[in-house]
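Working notes for the structure below.
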Amino acid sequence: MKIAVCVKQIPDPASDYELDPQTHNLIRPEAQILDDTDRYGVEVGLQIADANGGEVYLVSMSPSGTLQGIRQALAMGVDKAVIIDDEALAGSDSLTTARALAAAITKEGYDIVIAGTESTDGYSGLVPQQVAGLLGVPALTYATSVEYADGVVRIHRQTADGYDEVEAATPVVVSVTAGVVEPRYPNFKGIMQAKSKPVDTHTAADLGVDPSVGQKIVSISPAPARASGTVVEDEGEAYLDIIKALEEAKVL
Amino acid sequence: MTWVVIEAQNGAPTTAGLEILSKAAAGGEVTVVYVGAGSDEEFATLGAHGAANIFLLSPADDILAPTPVAGALCQLIAEHTPGLVLFGATYDGRDVAGRVSAELGLSVVSNVIEFSTEGGITVTNEIFGGSQLVNTQFTSGKTALALVRPKSFTAAETGSRTPTVTPVNLPDGPTASVTARHAQASEGPQLESASIVVAGGRGLGQAEHFGLIEELAGLLAGATGATRAIVDAGWVPYSKQVGQTGKIVKPDVYIACGISGAMQHLVGMKDSMTIIAVNKDSEAPIFSVADLGVVGDVHQVLPKLIEAIKAR
């Protein structure tokens, strides 16, 4: 069995994100980290492979840079990584990203594709379903629990007021929420091995992906800020300030 | 021509869908693609919010709807070539928009809070947790797709009109089966529509302390909410999550207790009328959006607050 896990290298969310004023693209440093929410997908892939045998590989579209984020995921125990790194893909929209990922996944082969529900930096939340659409397979989305047995993937799919039990036979795309499993921490051996694991790199042209996008950013502006409020230090009586605020809001 | 895709929830159009429909109908004639059983009452609701025409898609209950719905929508778009198709950013809305985008090669923009069809199609969306606004034009000349954040507009009835209804068959194709559905019943007002929300985060320390949140919400006749950190930790069900991947709320009063204010949480509540925050860390980002910030321990402040309200 072959399991592809889509992961993303992102600028550290603890730093301030900036856009290039000319291209409107997010400025990405050389050293990008693994999107924390991707650790859950990696863990799900590894657990399915551990229990059923098979190979797990990473698929990622981003400037390789130092590959720090990719090595973080490899250190968890993944066999190898496939990267799509091409300057022509900078500023891609979700559809172009999905086309690149789907092309790389088709080339490598797959039974199950796993992705996070959305990335932390761009959070369009579209890519997993777009990859499934391009591959022409069902998508099991927003999984809060994933099980695999006898060629069928079963998930709990988050809904507005609870969850549904949903299943589909492989090949299938699964998108997972953070919290679906407890991701393992890489051990020392894993971190050392990750340094020498294979990382294959493709360009858009290698994969036959057209990098053009059908949308153009015309302007960017700061969102209107909220008027700043009052901050009080609690010395035992601050609940009275809350009472007052609730009275002013006519809640009490 | 603008289309709005709206799904039914518990036998009625979603509020997220009606909000978008109301806004779109103010700018011209709107066709609704409605995913649900479709009763006269549902059609009347859609008509009252401005729908001129309805395409009705009714998926069977035991299949996962987005894939076949997207298949039918692709055929409709190919046949009628609408300029703009709008979706609510619900779970199914995101799935359908993504699938249609992939199958027809159409560009789609997420997190949209405003749109215009005058002089080309332009949408405004939020990035970086809502701190920046981006205006995007669709340049391909093909149908534009946009996912609109709930609560960006107000749902409004503008009169009664009887829309024409055209049932559409769903195509066969790869799909997933739904074998069981579970609704996690919650007492009191619904989180999305409550005028008061009391929410808790990791600063509560442990799952049992969410009881403080429930007690305060109960006293104020409000709904309870939670951060991603504590729903992921299993303290409360996912349906309580406020934020990017959870519910977008805009109550009169939002009381954030032990919540630091991660980007993805702020996105879900920053447009509340009055925000009150209690957190130990004076540097917590939640204080940047709070009208009243209390730097203090929720375990000290909340019990006193609860007692004082009870004593009134």
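Labeling convention for the structure tokens: chains A, B, ... as they appear, residues from 1 per chain, ligands from 1 in order of appearance.
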Polymer residues at most 12 Å from Val78 of chain A, only C-alpha atoms, same-chain spacing of 5 or more positions, as a ChimeraX atom specification: /A:2-7,39,41-47,49-50,54-59,70-73,184,186,190-191,193-199
8 Å contact set for Val197 of chain B, only C-alpha atoms, chain neighbours under 5 positions out, as a PyMOL selection string: chain B and resi 191+217+222-225+251+253-255
Generate the output file for the selected residues, C-alpha atoms, as a PDB file, in the first residue's frame.
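Okay, result-v7.pdb is ready:
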```pdb
ATOM      1  CA  LEU B 191     -23.561  29.152  19.595  1.00  0.00           C
ATOM      2  CA  ALA B 217     -23.287  31.149  30.379  1.00  0.00           C
ATOM      3  CA  GLY B 222     -25.777  32.665  26.744  1.00  0.00           C
ATOM      4  CA  ALA B 223     -24.096  29.894  24.768  1.00  0.00           C
ATOM      5  CA  THR B 224     -20.771  28.282  25.599  1.00  0.00           C
ATOM      6  CA  GLY B 225     -17.819  28.264  23.197  1.00  0.00           C
ATOM      7  CA  PRO B 251     -22.687  38.164  19.642  1.00  0.00           C
ATOM      8  CA  VAL B 253     -21.123  40.192  24.284  1.00  0.00           C
ATOM      9  CA  TYR B 254     -18.252  37.700  24.050  1.00  0.00           C
ATOM     10  CA  ILE B 255     -16.544  36.732  27.299  1.00  0.00           C
TER      11      ILE B 255
END
```
Give me, as a compact mmCIF listing (two decimals) with all heavy atoms, in the first residue's frame, the contact residues of chain A against chain B at a cut-off of 6 Å, counting only C-alpha atoms.
```
# COMPACT_ATOMS: atom_id res chain seq x y z
N SER A 124 -6.90 28.45 2.93
CA SER A 124 -8.04 28.48 2.01
C SER A 124 -8.95 27.28 2.28
O SER A 124 -10.15 27.34 2.02
CB SER A 124 -7.58 28.46 0.55
OG SER A 124 -7.17 27.16 0.17
N LEU A 126 -9.17 24.47 0.77
CA LEU A 126 -9.73 23.91 -0.46
C LEU A 126 -8.91 22.77 -1.04
O LEU A 126 -9.44 21.93 -1.78
CB LEU A 126 -9.80 25.02 -1.53
CG LEU A 126 -10.83 26.11 -1.29
CD1 LEU A 126 -10.49 27.34 -2.12
CD2 LEU A 126 -12.21 25.59 -1.66
N GLN A 129 -9.88 18.73 -1.17
CA GLN A 129 -11.01 18.38 -2.05
C GLN A 129 -10.63 18.62 -3.52
O GLN A 129 -11.05 17.88 -4.41
CB GLN A 129 -12.23 19.21 -1.65
CG GLN A 129 -13.51 18.88 -2.37
CD GLN A 129 -14.02 17.47 -2.11
OE1 GLN A 129 -13.89 16.58 -2.94
NE2 GLN A 129 -14.63 17.26 -0.95
N GLN A 130 -9.82 19.64 -3.78
CA GLN A 130 -9.38 19.88 -5.17
C GLN A 130 -8.48 18.74 -5.65
O GLN A 130 -8.62 18.29 -6.78
CB GLN A 130 -8.62 21.22 -5.25
CG GLN A 130 -9.55 22.43 -5.15
CD GLN A 130 -8.80 23.73 -5.06
OE1 GLN A 130 -7.77 23.83 -4.40
NE2 GLN A 130 -9.31 24.77 -5.70
N GLY A 133 -10.70 15.91 -6.46
CA GLY A 133 -11.41 16.16 -7.71
C GLY A 133 -10.51 15.92 -8.91
O GLY A 133 -10.95 15.34 -9.91
N LEU A 134 -9.26 16.35 -8.82
CA LEU A 134 -8.32 16.16 -9.93
C LEU A 134 -7.97 14.68 -10.11
O LEU A 134 -7.79 14.19 -11.22
CB LEU A 134 -7.05 16.98 -9.70
CG LEU A 134 -7.24 18.50 -9.75
CD1 LEU A 134 -6.05 19.23 -9.15
CD2 LEU A 134 -7.50 18.96 -11.18
N VAL A 137 -11.29 10.82 -7.29
CA VAL A 137 -11.62 9.86 -6.22
C VAL A 137 -12.44 10.56 -5.14
O VAL A 137 -12.45 11.79 -5.06
CB VAL A 137 -10.33 9.25 -5.60
CG1 VAL A 137 -9.50 8.55 -6.68
CG2 VAL A 137 -9.50 10.30 -4.87
N PRO A 138 -13.11 9.78 -4.27
CA PRO A 138 -13.88 10.41 -3.19
C PRO A 138 -12.96 11.10 -2.18
O PRO A 138 -11.79 10.73 -2.05
CB PRO A 138 -14.59 9.25 -2.50
CG PRO A 138 -14.44 8.08 -3.39
CD PRO A 138 -13.24 8.32 -4.25
N ASP A 161 -23.21 20.28 13.87
CA ASP A 161 -23.77 19.96 15.18
C ASP A 161 -23.37 18.58 15.69
O ASP A 161 -24.04 18.02 16.55
CB ASP A 161 -25.29 20.12 15.17
CG ASP A 161 -25.95 19.29 14.08
OD1 ASP A 161 -25.22 18.55 13.38
OD2 ASP A 161 -27.18 19.38 13.92
N GLY A 162 -22.28 18.02 15.18
CA GLY A 162 -21.84 16.72 15.67
C GLY A 162 -20.88 16.09 14.69
O GLY A 162 -19.95 16.74 14.24
N TYR A 163 -21.11 14.81 14.36
CA TYR A 163 -20.27 14.17 13.36
C TYR A 163 -21.03 13.06 12.64
O TYR A 163 -22.02 12.54 13.16
CB TYR A 163 -18.99 13.61 13.99
CG TYR A 163 -19.20 12.44 14.94
CD1 TYR A 163 -19.10 11.13 14.49
CD2 TYR A 163 -19.52 12.65 16.28
CE1 TYR A 163 -19.31 10.06 15.36
CE2 TYR A 163 -19.73 11.60 17.15
CZ TYR A 163 -19.62 10.30 16.69
OH TYR A 163 -19.84 9.25 17.54
N ASP A 164 -20.57 12.75 11.41
CA ASP A 164 -21.13 11.64 10.64
C ASP A 164 -20.08 10.54 10.54
O ASP A 164 -18.89 10.82 10.48
CB ASP A 164 -21.49 12.10 9.22
CG ASP A 164 -22.65 13.08 9.19
OD1 ASP A 164 -23.38 13.17 10.21
OD2 ASP A 164 -22.83 13.75 8.16
N GLU A 165 -20.54 9.28 10.50
CA GLU A 165 -19.64 8.18 10.18
C GLU A 165 -19.69 7.99 8.68
O GLU A 165 -20.76 7.79 8.11
CB GLU A 165 -20.07 6.91 10.91
CG GLU A 165 -19.90 7.02 12.42
CD GLU A 165 -20.38 5.76 13.15
OE1 GLU A 165 -20.09 4.65 12.68
OE2 GLU A 165 -21.07 5.93 14.18
N VAL A 166 -18.53 8.11 8.04
CA VAL A 166 -18.45 8.10 6.58
C VAL A 166 -17.38 7.11 6.15
O VAL A 166 -16.35 6.98 6.81
CB VAL A 166 -18.10 9.51 6.05
CG1 VAL A 166 -18.12 9.54 4.53
CG2 VAL A 166 -19.06 10.54 6.60
N GLU A 167 -17.62 6.39 5.05
CA GLU A 167 -16.60 5.46 4.58
C GLU A 167 -16.53 5.42 3.06
O GLU A 167 -17.50 5.75 2.36
CB GLU A 167 -16.88 4.04 5.11
CG GLU A 167 -18.21 3.48 4.65
CD GLU A 167 -18.47 2.10 5.22
OE1 GLU A 167 -18.25 1.90 6.43
OE2 GLU A 167 -18.89 1.21 4.44
N ALA A 168 -15.37 5.06 2.54
CA ALA A 168 -15.17 4.90 1.11
C ALA A 168 -14.03 3.91 0.89
O ALA A 168 -13.11 3.82 1.71
CB ALA A 168 -14.84 6.23 0.44
N GLY A 179 -5.85 16.99 16.24
CA GLY A 179 -6.53 16.31 17.34
C GLY A 179 -7.04 14.94 16.96
O GLY A 179 -7.54 14.20 17.80
N GLY A 214 -5.98 32.10 -12.38
CA GLY A 214 -7.11 32.85 -12.94
C GLY A 214 -7.58 33.97 -12.05
O GLY A 214 -8.72 34.41 -12.13
N GLN A 215 -6.70 34.46 -11.16
CA GLN A 215 -7.10 35.56 -10.29
C GLN A 215 -5.91 36.48 -10.06
O GLN A 215 -4.77 36.07 -10.17
CB GLN A 215 -7.62 35.03 -8.95
CG GLN A 215 -6.70 34.02 -8.31
CD GLN A 215 -7.27 33.47 -7.00
OE1 GLN A 215 -6.93 33.92 -5.93
NE2 GLN A 215 -8.15 32.48 -7.09
N LYS A 216 -6.22 37.74 -9.80
CA LYS A 216 -5.15 38.72 -9.64
C LYS A 216 -5.48 39.63 -8.47
O LYS A 216 -6.59 40.17 -8.37
CB LYS A 216 -5.07 39.53 -10.94
CG LYS A 216 -4.01 40.60 -10.95
CD LYS A 216 -3.91 41.22 -12.35
CE LYS A 216 -3.59 42.69 -12.24
NZ LYS A 216 -4.62 43.58 -12.73
N ILE A 217 -4.51 39.81 -7.58
CA ILE A 217 -4.69 40.72 -6.45
C ILE A 217 -4.56 42.15 -6.96
O ILE A 217 -3.57 42.49 -7.59
CB ILE A 217 -3.66 40.43 -5.35
CG1 ILE A 217 -3.96 39.06 -4.71
CG2 ILE A 217 -3.68 41.53 -4.29
CD1 ILE A 217 -2.95 38.61 -3.69
N VAL A 218 -5.57 42.97 -6.72
CA VAL A 218 -5.49 44.36 -7.19
C VAL A 218 -5.07 45.33 -6.09
O VAL A 218 -4.46 46.36 -6.36
CB VAL A 218 -6.81 44.84 -7.86
CG1 VAL A 218 -6.95 44.19 -9.21
CG2 VAL A 218 -8.02 44.55 -7.00
N SER A 219 -5.38 45.03 -4.83
CA SER A 219 -4.92 45.90 -3.75
C SER A 219 -5.00 45.17 -2.42
O SER A 219 -5.77 44.21 -2.25
CB SER A 219 -5.77 47.17 -3.68
OG SER A 219 -7.10 46.85 -3.34
N ILE A 220 -4.21 45.64 -1.49
CA ILE A 220 -4.20 45.09 -0.14
C ILE A 220 -4.20 46.25 0.84
O ILE A 220 -3.50 47.24 0.64
CB ILE A 220 -2.94 44.22 0.11
CG1 ILE A 220 -2.94 43.03 -0.86
CG2 ILE A 220 -2.89 43.71 1.55
CD1 ILE A 220 -1.74 42.13 -0.74
N SER A 221 -5.01 46.14 1.89
CA SER A 221 -5.04 47.22 2.88
C SER A 221 -5.22 46.62 4.26
O SER A 221 -5.78 45.53 4.41
CB SER A 221 -6.19 48.18 2.58
OG SER A 221 -7.40 47.44 2.52
N PRO A 222 -4.75 47.34 5.29
CA PRO A 222 -4.96 46.83 6.65
C PRO A 222 -6.44 46.85 6.99
O PRO A 222 -7.16 47.76 6.57
CB PRO A 222 -4.18 47.81 7.54
CG PRO A 222 -3.50 48.77 6.64
CD PRO A 222 -4.07 48.63 5.27
N ALA A 223 -6.91 45.84 7.72
CA ALA A 223 -8.30 45.81 8.15
C ALA A 223 -8.51 46.91 9.18
O ALA A 223 -7.60 47.23 9.93
CB ALA A 223 -8.64 44.45 8.74
N GLY A 229 -9.36 49.04 24.07
CA GLY A 229 -10.22 48.99 25.25
C GLY A 229 -9.44 49.28 26.52
O GLY A 229 -8.33 49.79 26.50
N THR A 230 -10.07 48.95 27.63
CA THR A 230 -9.47 49.17 28.95
C THR A 230 -8.90 47.84 29.44
O THR A 230 -9.54 46.81 29.30
CB THR A 230 -10.58 49.58 29.95
OG1 THR A 230 -11.40 50.55 29.31
CG2 THR A 230 -10.01 50.12 31.23
N VAL A 231 -7.71 47.90 30.01
CA VAL A 231 -7.17 46.69 30.63
C VAL A 231 -6.96 46.96 32.12
O VAL A 231 -6.36 47.97 32.49
CB VAL A 231 -5.83 46.27 29.97
CG1 VAL A 231 -5.25 45.05 30.68
CG2 VAL A 231 -6.05 45.95 28.49
N VAL A 232 -7.49 46.09 32.95
CA VAL A 232 -7.30 46.26 34.40
C VAL A 232 -6.59 45.04 34.98
O VAL A 232 -6.75 43.92 34.48
CB VAL A 232 -8.65 46.46 35.15
CG1 VAL A 232 -9.33 47.73 34.70
CG2 VAL A 232 -9.56 45.25 34.96
N GLU A 233 -5.80 45.26 35.97
CA GLU A 233 -5.09 44.20 36.69
C GLU A 233 -6.02 43.72 37.80
O GLU A 233 -6.56 44.54 38.54
CB GLU A 233 -3.81 44.81 37.26
CG GLU A 233 -2.74 43.85 37.69
CD GLU A 233 -1.84 43.41 36.53
OE1 GLU A 233 -1.56 44.24 35.63
OE2 GLU A 233 -1.45 42.25 36.54
N ASP A 234 -6.23 42.41 37.92
CA ASP A 234 -7.13 41.93 38.97
C ASP A 234 -6.42 41.93 40.32
O ASP A 234 -5.40 41.27 40.50
CB ASP A 234 -7.63 40.52 38.66
CG ASP A 234 -8.56 40.02 39.77
OD1 ASP A 234 -9.35 40.84 40.29
OD2 ASP A 234 -8.50 38.83 40.13
N TYR A 239 -13.83 41.64 39.06
CA TYR A 239 -15.14 41.13 38.64
C TYR A 239 -16.17 42.25 38.61
O TYR A 239 -17.14 42.19 37.85
CB TYR A 239 -15.59 39.96 39.54
CG TYR A 239 -16.00 40.36 40.92
CD1 TYR A 239 -17.36 40.56 41.23
CD2 TYR A 239 -15.07 40.54 41.93
CE1 TYR A 239 -17.75 40.93 42.49
CE2 TYR A 239 -15.45 40.91 43.20
CZ TYR A 239 -16.79 41.10 43.48
OH TYR A 239 -17.17 41.48 44.74
```
Among listed residues B:Glu42, B:Gly47, B:Gly88, B:Ala24, nearest Val5 of chain B (using only C-alpha atoms):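 Looking at the shortest contact to Val5 of chain B, the residue is B:Gly88.
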Within 9 Å of Gly151 of chain A using only C-alpha atoms, minus same-chain residues under 3 positions, as a ChimeraX atom specification: /A:111,148,168-171
Produce a file of the selected residues containing all heavy atoms, as a CSV table (one decimal), in the first residue's frame.
```csv
chain,number,residue,atom,x,y,z
A,111,ASP,N,-2.6,4.8,-2.7
A,111,ASP,CA,-3.9,4.2,-2.3
A,111,ASP,C,-4.7,5.2,-1.5
A,111,ASP,O,-5.9,5.3,-1.6
A,111,ASP,CB,-3.7,2.9,-1.6
A,111,ASP,CG,-3.0,1.8,-2.4
A,111,ASP,OD1,-3.7,1.3,-3.3
A,111,ASP,OD2,-1.8,1.6,-2.2
A,148,TYR,N,-8.6,2.3,9.1
A,148,TYR,CA,-8.5,1.6,7.8
A,148,TYR,C,-8.6,0.1,8.0
A,148,TYR,O,-7.9,-0.4,8.9
A,148,TYR,CB,-7.2,1.9,7.1
A,148,TYR,CG,-6.9,1.1,5.9
A,148,TYR,CD1,-7.5,1.4,4.7
A,148,TYR,CD2,-6.1,-0.1,6.0
A,148,TYR,CE1,-7.2,0.5,3.6
A,148,TYR,CE2,-5.9,-0.9,4.9
A,148,TYR,CZ,-6.5,-0.6,3.7
A,148,TYR,OH,-6.3,-1.4,2.6
A,168,ALA,N,-15.4,5.1,2.5
A,168,ALA,CA,-15.2,4.9,1.1
A,168,ALA,C,-14.0,3.9,0.9
A,168,ALA,O,-13.1,3.8,1.7
A,168,ALA,CB,-14.8,6.2,0.4
A,169,ALA,N,-14.1,3.2,-0.2
A,169,ALA,CA,-13.0,2.3,-0.6
A,169,ALA,C,-11.9,3.1,-1.2
A,169,ALA,O,-12.1,4.1,-1.7
A,169,ALA,CB,-13.5,1.2,-1.6
A,170,THR,N,-10.6,2.5,-1.0
A,170,THR,CA,-9.5,3.2,-1.6
A,170,THR,C,-9.6,3.0,-3.1
A,170,THR,O,-10.2,2.0,-3.5
A,170,THR,CB,-8.2,2.6,-1.1
A,170,THR,OG1,-8.2,1.2,-1.3
A,170,THR,CG2,-8.0,2.8,0.4
A,171,PRO,N,-9.0,3.8,-3.9
A,171,PRO,CA,-8.2,5.0,-3.6
A,171,PRO,C,-9.1,6.2,-3.1
A,171,PRO,O,-10.2,6.3,-3.6
A,171,PRO,CB,-7.5,5.4,-4.9
A,171,PRO,CG,-8.4,4.8,-6.0
A,171,PRO,CD,-9.0,3.6,-5.4
```
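By only C-alpha atoms, and with residues fewer than 4 positions from Leu101 of chain A along its chain excluded, the set lying at most 7 Å from it is Val59, Ser60, Met61, Thr97 and Ile105 of chain A.
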Backbone-only DSSP, helix (DSSP H, G or I) members of segment 26-270 of chain B, as a ChimeraX atom specification: /B:40-48,66-80,91-104,128-130,202-204,207-219,228-232,238-240,263-269
Shell around Ser260 of chain B at 7 Å using only C-alpha atoms, local window under 6 positions removed, as a PDB file with N, CA, C and O atoms, in the first residue's frame:
```pdb
ATOM      1  N   ASN B 279      -7.498  36.873  31.348  1.00  0.00           N
ATOM      2  CA  ASN B 279      -6.346  36.018  31.076  1.00  0.00           C
ATOM      3  C   ASN B 279      -5.193  36.440  31.983  1.00  0.00           C
ATOM      4  O   ASN B 279      -5.015  37.618  32.254  1.00  0.00           O
ATOM      5  N   ALA B 284      -1.130  38.648  26.284  1.00  0.00           N
ATOM      6  CA  ALA B 284      -1.945  37.780  25.421  1.00  0.00           C
ATOM      7  C   ALA B 284      -2.612  38.598  24.310  1.00  0.00           C
ATOM      8  O   ALA B 284      -3.160  39.678  24.574  1.00  0.00           O
ATOM      9  N   PRO B 285      -2.584  38.097  23.054  1.00  0.00           N
ATOM     10  CA  PRO B 285      -3.174  38.844  21.922  1.00  0.00           C
ATOM     11  C   PRO B 285      -4.669  39.118  22.087  1.00  0.00           C
ATOM     12  O   PRO B 285      -5.179  40.063  21.500  1.00  0.00           O
ATOM     13  N   ILE B 286      -5.357  38.344  22.916  1.00  0.00           N
ATOM     14  CA  ILE B 286      -6.798  38.553  23.096  1.00  0.00           C
ATOM     15  C   ILE B 286      -7.069  39.976  23.594  1.00  0.00           C
ATOM     16  O   ILE B 286      -8.090  40.586  23.270  1.00  0.00           O
TER      17      ILE B 286
END
```
DSSP strand (DSSP E) residues within segment 94-172 of chain B, listed as a PyMOL selection string: chain B and resi 108-116+122-127+132-138+144-148+164-168
